[in-house]
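Data from entry.txt: compact mmCIF, C-alpha atoms
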# COMPACT_ATOMS: atom_id res chain seq x y z
CA MET A 1 128.15 63.85 46.81
CA THR A 2 127.75 62.76 43.27
CA LYS A 3 128.76 59.19 42.47
CA GLN A 4 130.44 58.79 39.17
CA VAL A 5 130.03 55.53 37.27
CA ARG A 6 132.67 54.74 34.75
CA GLN A 7 131.92 52.24 32.02
CA VAL A 8 134.75 49.92 31.27
CA THR A 9 134.83 48.38 27.84
CA GLN A 10 136.04 44.80 28.01
CA SER A 11 138.40 43.87 25.27
CA ARG A 12 137.64 40.70 23.32
CA PRO A 13 140.23 37.99 23.50
CA SER A 14 142.17 37.52 20.32
CA VAL A 15 140.98 34.61 18.19
CA THR A 16 143.71 32.28 17.11
CA ARG A 17 143.24 30.84 13.65
CA GLN A 18 144.20 27.33 14.61
CA PRO A 19 143.14 25.55 11.38
CA GLU A 20 145.21 27.89 9.22
CA ALA A 21 148.18 27.55 11.51
CA ALA A 22 147.90 23.77 11.39
CA VAL A 23 147.81 23.78 7.59
CA THR A 24 150.83 26.06 7.50
CA ARG A 25 152.77 23.79 9.82
CA PHE A 26 151.81 20.74 7.75
CA GLY A 27 152.89 22.42 4.54
CA ARG A 28 156.23 23.39 6.03
CA ALA A 29 156.71 19.84 7.24
CA VAL A 30 156.00 18.43 3.77
CA VAL A 31 158.45 20.87 2.18
CA ALA A 32 161.11 19.98 4.72
CA TRP A 33 160.51 16.27 4.13
CA LEU A 34 160.77 16.66 0.36
CA ARG A 35 164.02 18.58 0.73
CA SER A 36 165.40 15.77 2.84
CA LEU A 37 164.71 13.19 0.12
CA SER A 38 167.30 12.38 -2.47
CA ARG A 39 166.66 12.90 -6.16
CA ARG A 40 166.67 9.16 -6.72
CA THR A 41 163.96 8.60 -4.12
CA ILE A 42 161.81 11.32 -5.66
CA ALA A 43 162.26 9.81 -9.13
CA ILE A 44 161.23 6.36 -7.87
CA ALA A 45 158.14 7.78 -6.17
CA ALA A 46 157.16 9.71 -9.28
CA GLY A 47 157.56 6.60 -11.41
CA ALA A 48 155.38 4.58 -9.04
CA LEU A 49 152.66 7.23 -9.19
CA ALA A 50 152.82 7.23 -12.97
CA VAL A 51 152.37 3.44 -13.07
CA VAL A 52 149.38 3.62 -10.72
CA ALA A 53 147.79 6.39 -12.80
CA ALA A 54 148.29 4.42 -16.01
CA GLY A 55 146.67 1.36 -14.41
CA ILE A 56 143.65 3.38 -13.37
CA VAL A 57 143.24 4.77 -16.89
CA VAL A 58 143.47 1.30 -18.46
CA CYS A 59 140.93 -0.19 -16.02
CA ALA A 60 138.52 2.65 -16.67
CA PHE A 61 138.86 2.18 -20.43
CA LEU A 62 138.29 -1.58 -20.28
CA SER A 63 135.39 -1.54 -17.83
CA GLY A 64 133.42 1.46 -19.07
CA GLY A 65 131.29 2.18 -22.08
CA ASP A 66 128.86 -0.52 -23.12
CA ASP A 67 128.16 1.57 -26.21
CA ARG A 68 131.48 0.63 -27.74
CA PRO A 69 131.21 -1.48 -30.91
CA PRO A 70 131.83 -5.18 -30.25
CA ILE A 71 135.11 -6.72 -31.30
CA PRO A 72 134.48 -8.87 -34.38
CA ASP A 73 134.83 -12.61 -33.88
CA THR A 74 137.89 -13.65 -35.85
CA ARG A 75 136.70 -17.25 -35.64
CA ALA A 76 133.55 -16.54 -37.66
CA ARG A 77 133.29 -18.84 -40.65
CA HIS A 78 133.48 -17.40 -44.14
CA TYR A 79 131.32 -19.29 -46.62
CA THR A 80 131.89 -19.67 -50.33
CA GLU A 81 129.22 -18.86 -52.90
CA ILE A 82 128.34 -22.55 -53.36
CA ASP A 83 125.07 -23.82 -51.88
CA ALA A 84 124.25 -27.48 -51.31
CA CYS A 85 120.55 -28.16 -50.69
CA LEU A 86 118.85 -31.25 -49.28
CA LEU A 87 115.35 -32.27 -50.41
CA THR A 88 113.60 -34.60 -47.94
CA GLY A 89 110.17 -36.01 -47.19
CA LYS A 90 107.72 -34.79 -44.56
CA ASP A 91 109.84 -36.07 -41.65
CA GLY A 92 112.67 -33.72 -42.55
CA ILE A 93 115.95 -34.59 -40.82
CA MET A 94 114.36 -36.36 -37.86
CA THR A 95 116.79 -38.39 -35.78
CA GLY A 96 116.93 -42.04 -36.82
CA THR A 97 115.91 -41.44 -40.43
CA PRO A 98 118.27 -41.74 -43.42
CA ALA A 99 117.81 -38.00 -43.95
CA ALA A 100 119.44 -37.34 -40.55
CA ALA A 101 122.62 -39.16 -41.60
CA VAL A 102 122.54 -37.39 -44.97
CA TRP A 103 122.28 -34.00 -43.28
CA GLN A 104 125.19 -34.82 -40.98
CA GLY A 105 127.28 -35.75 -44.00
CA MET A 106 126.41 -32.46 -45.69
CA GLN A 107 127.47 -30.57 -42.58
CA ASP A 108 130.78 -32.43 -42.59
CA ALA A 109 131.29 -31.41 -46.21
CA SER A 110 130.48 -27.81 -45.33
CA LEU A 111 133.21 -27.76 -42.67
CA LYS A 112 135.80 -28.77 -45.26
CA THR A 113 134.60 -26.79 -48.26
CA HIS A 114 132.94 -23.80 -46.51
CA ALA A 115 129.92 -24.25 -48.74
CA ARG A 116 126.53 -23.30 -47.35
CA VAL A 117 124.10 -26.16 -46.68
CA SER A 118 120.34 -26.08 -46.17
CA TYR A 119 117.40 -28.46 -46.35
CA GLN A 120 113.79 -28.36 -47.49
CA GLN A 121 111.15 -30.92 -46.54
CA VAL A 122 108.24 -31.68 -48.81
CA THR A 123 105.05 -30.94 -46.91
CA GLY A 124 101.61 -32.19 -47.79
CA GLU A 125 101.06 -35.14 -50.13
CA GLN A 126 104.14 -37.31 -50.51
CA SER A 127 104.12 -37.70 -54.29
CA THR A 128 106.32 -36.75 -57.22
CA GLY A 129 103.75 -34.20 -58.32
CA ASN A 130 103.90 -32.45 -54.96
CA ALA A 131 107.67 -32.79 -54.60
CA ARG A 132 108.41 -31.24 -58.00
CA PRO A 133 107.61 -27.60 -57.04
CA PHE A 134 109.95 -27.87 -54.05
CA LEU A 135 112.76 -29.11 -56.29
CA ASN A 136 112.06 -26.41 -58.88
CA SER A 137 112.40 -23.70 -56.24
CA MET A 138 115.84 -25.08 -55.38
CA LEU A 139 116.95 -25.17 -59.02
CA GLN A 140 115.67 -21.66 -59.64
CA GLY A 141 117.38 -20.45 -56.50
CA SER A 142 121.04 -20.67 -55.58
CA CYS A 143 121.46 -24.43 -55.15
CA GLU A 144 124.47 -25.65 -57.16
CA VAL A 145 124.33 -29.08 -55.52
CA VAL A 146 121.06 -30.92 -54.82
CA VAL A 147 120.88 -33.91 -52.49
CA ALA A 148 117.65 -35.92 -52.50
CA VAL A 149 116.48 -38.61 -50.07
CA GLY A 150 113.06 -40.27 -50.08
CA GLY A 151 111.09 -41.97 -52.87
CA PRO A 152 109.26 -39.03 -54.51
CA GLU A 153 112.17 -36.67 -53.90
CA VAL A 154 114.71 -38.95 -55.55
CA SER A 155 112.38 -39.59 -58.50
CA VAL A 156 111.87 -35.91 -59.35
CA ALA A 157 115.59 -35.17 -58.86
CA ALA A 158 116.59 -38.03 -61.18
CA GLU A 159 114.12 -36.72 -63.76
CA ALA A 160 115.51 -33.18 -63.56
CA ALA A 161 119.23 -34.04 -63.52
CA PRO A 162 119.72 -34.40 -67.32
CA LYS A 163 118.07 -31.00 -67.85
CA HIS A 164 120.37 -29.24 -65.39
CA ALA A 165 123.89 -30.28 -66.29
CA GLU A 166 125.34 -27.31 -64.40
CA THR A 167 123.93 -28.68 -61.12
CA GLY A 168 125.38 -31.58 -59.16
CA PHE A 169 122.93 -34.20 -57.90
CA VAL A 170 123.45 -36.71 -55.10
CA LEU A 171 120.63 -39.28 -55.01
CA ILE A 172 120.13 -41.53 -52.00
CA GLY A 173 118.63 -44.98 -52.60
CA GLY A 174 117.51 -44.68 -56.22
CA GLY A 175 118.03 -43.20 -59.66
CA HIS A 176 120.94 -43.69 -62.02
CA SER A 177 124.49 -42.40 -61.95
CA GLY A 178 125.50 -39.93 -64.62
CA GLY A 179 127.86 -37.10 -65.45
CA ASN A 180 126.38 -34.82 -62.82
CA VAL A 181 124.72 -37.49 -60.66
CA SER A 182 126.15 -39.51 -57.77
CA LEU A 183 124.13 -42.49 -56.57
CA LEU A 184 124.43 -43.63 -52.96
CA HIS A 185 122.74 -46.43 -51.02
CA THR A 186 121.35 -46.21 -47.50
CA GLY A 187 123.00 -48.15 -44.69
CA ASP A 188 126.09 -47.99 -42.55
CA GLY A 189 128.61 -45.38 -43.59
CA LEU A 190 126.01 -43.22 -45.33
CA ARG A 191 127.17 -40.09 -43.53
CA GLY A 192 130.75 -40.44 -44.77
CA GLU A 193 129.66 -41.34 -48.30
CA VAL A 194 127.41 -38.29 -48.48
CA ALA A 195 130.20 -36.04 -47.20
CA GLY A 196 132.56 -37.32 -49.89
CA ALA A 197 130.01 -37.06 -52.70
CA VAL A 198 128.99 -33.53 -51.72
CA GLU A 199 132.62 -32.44 -51.44
CA ARG A 200 133.35 -33.71 -54.94
CA ALA A 201 130.26 -32.03 -56.36
CA ILE A 202 131.22 -28.73 -54.71
CA ASP A 203 134.83 -28.91 -55.86
CA ALA A 204 133.65 -29.53 -59.43
CA ARG A 205 131.74 -26.24 -59.34
CA ASN A 206 134.34 -23.99 -57.71
Encoded form using structure tokens:
Amino acid sequence: MTKQVRQVTQSRPSVTRQPEAAVTRFGRAVVAWLRSLSRRTIAIAAGALAVVAAGIVVCAFLSGGDDRPPIPDTRARHYTEIDACLLTGKDGIMTGTPAAAVWQGMQDASLKTHARVSYQQVTGEQSTGNARPFLNSMLQGSCEVVVAVGGPEVSVAAEAAPKHAETGFVLIGGGHSGGNVSLLHTGDGLRGEVAGAVERAIDARN
């Protein structure tokens, strides 16, 4: 007797696409929820989203981009074309010297007149012969007002003043007053006196 063997093909169970079904259900739920909302509620939500988006854009603009050009400082001082120059001895504007008070007075005058101020100390031998080239460089430069403090410096400035009527001179502790020369003495109140004399000399040349 022949035994017959029959092969039975097992069917595969159907695969349920659960993720897609879940997404579909979620989408339907969102649509149903949106339909249940009133127009006013939707408008309020849209407005809130717009405000949040605008805030994000502004924050990104303010925080990003170091390559942006810097905003100019509106408080930056604008100077006039008048220069007031101080001629001092080898100690320059060292604290405790008359030149220090003179320099402070010139800075005070600069704040009021917006004139530029600078100083030059005579290096090397402290004599009129050595101080003269330093003064000449000032007169040949852009110094419309020359302030001198120190023996040799005052001497060469007093000598040059009559030859440079277009320049204002402020001499500290020596020299003679003249049409373009102001003579001041050292002591208390020197800073204020220098500020006033330099202001007047600058105003006369504006």
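Counting all atoms listed in the file, the residue from A:Val147, A:Ala204, A:Asp188, A:Arg132 that sits nearest to Glu166 of chain A is A:Ala204.
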Residue neighbourhood segment 154-158 of chain A, 9 Å, only C-alpha atoms, exclusion window fewer than 5 positions, as a VMD selection string: chain A and resid 87 to 88 128 to 129 131 to 132 135 146 to 149 169 to 176 181
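You can rank A:Cys143, A:Ile44, A:Glu193, A:Met106 by their closest distance to Ile93 of chain A using all atoms listed in the file, and at the top of that list sits A:Met106.
Going from atom CA of Gly179 of chain A to atom CA of Ala160 of chain A covers 13.1 Å.
When atom CA of Ser177 of chain A is paired with atom CA of Lys90 of chain A, their separation reads 25.3 Å.
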Residues near segment 197-202 of chain A, cut-off 10 Å, all atoms listed in the file, skip fewer than 5 positions along chain, as a list of chain:residue names: A:Ile82, A:Asp83, A:Ala84, A:Gly105, A:Met106, A:Gln107, A:Asp108, A:Ala109, A:Ser110, A:Leu111, A:Lys112, A:Thr113, A:His114, A:Ala115, A:Glu144, A:Val145, A:Val146, A:Val147, A:Thr167, A:Gly168, A:Phe169, A:Val170, A:Leu171, A:Asn180, A:Val181, A:Ser182, A:Leu183, A:Leu184, A:Gly192
Atom CA of Lys163 of chain A to atom CA of Leu86 of chain A, distance in Å rounded to a single decimal: 18.6 Å
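Residue nearest Ser127 of chain A within the list A:Gly178, A:Gly150, A:Pro162, A:Gly196: A:Gly150 [criterion: smallest interatomic distance, only C-alpha atoms].
Of the listed residues (A:Ser142, A:Gln120, A:Gln104, A:Asn136), A:Gln104 comes nearest to Ala195 of chain A; the distances count only C-alpha atoms.
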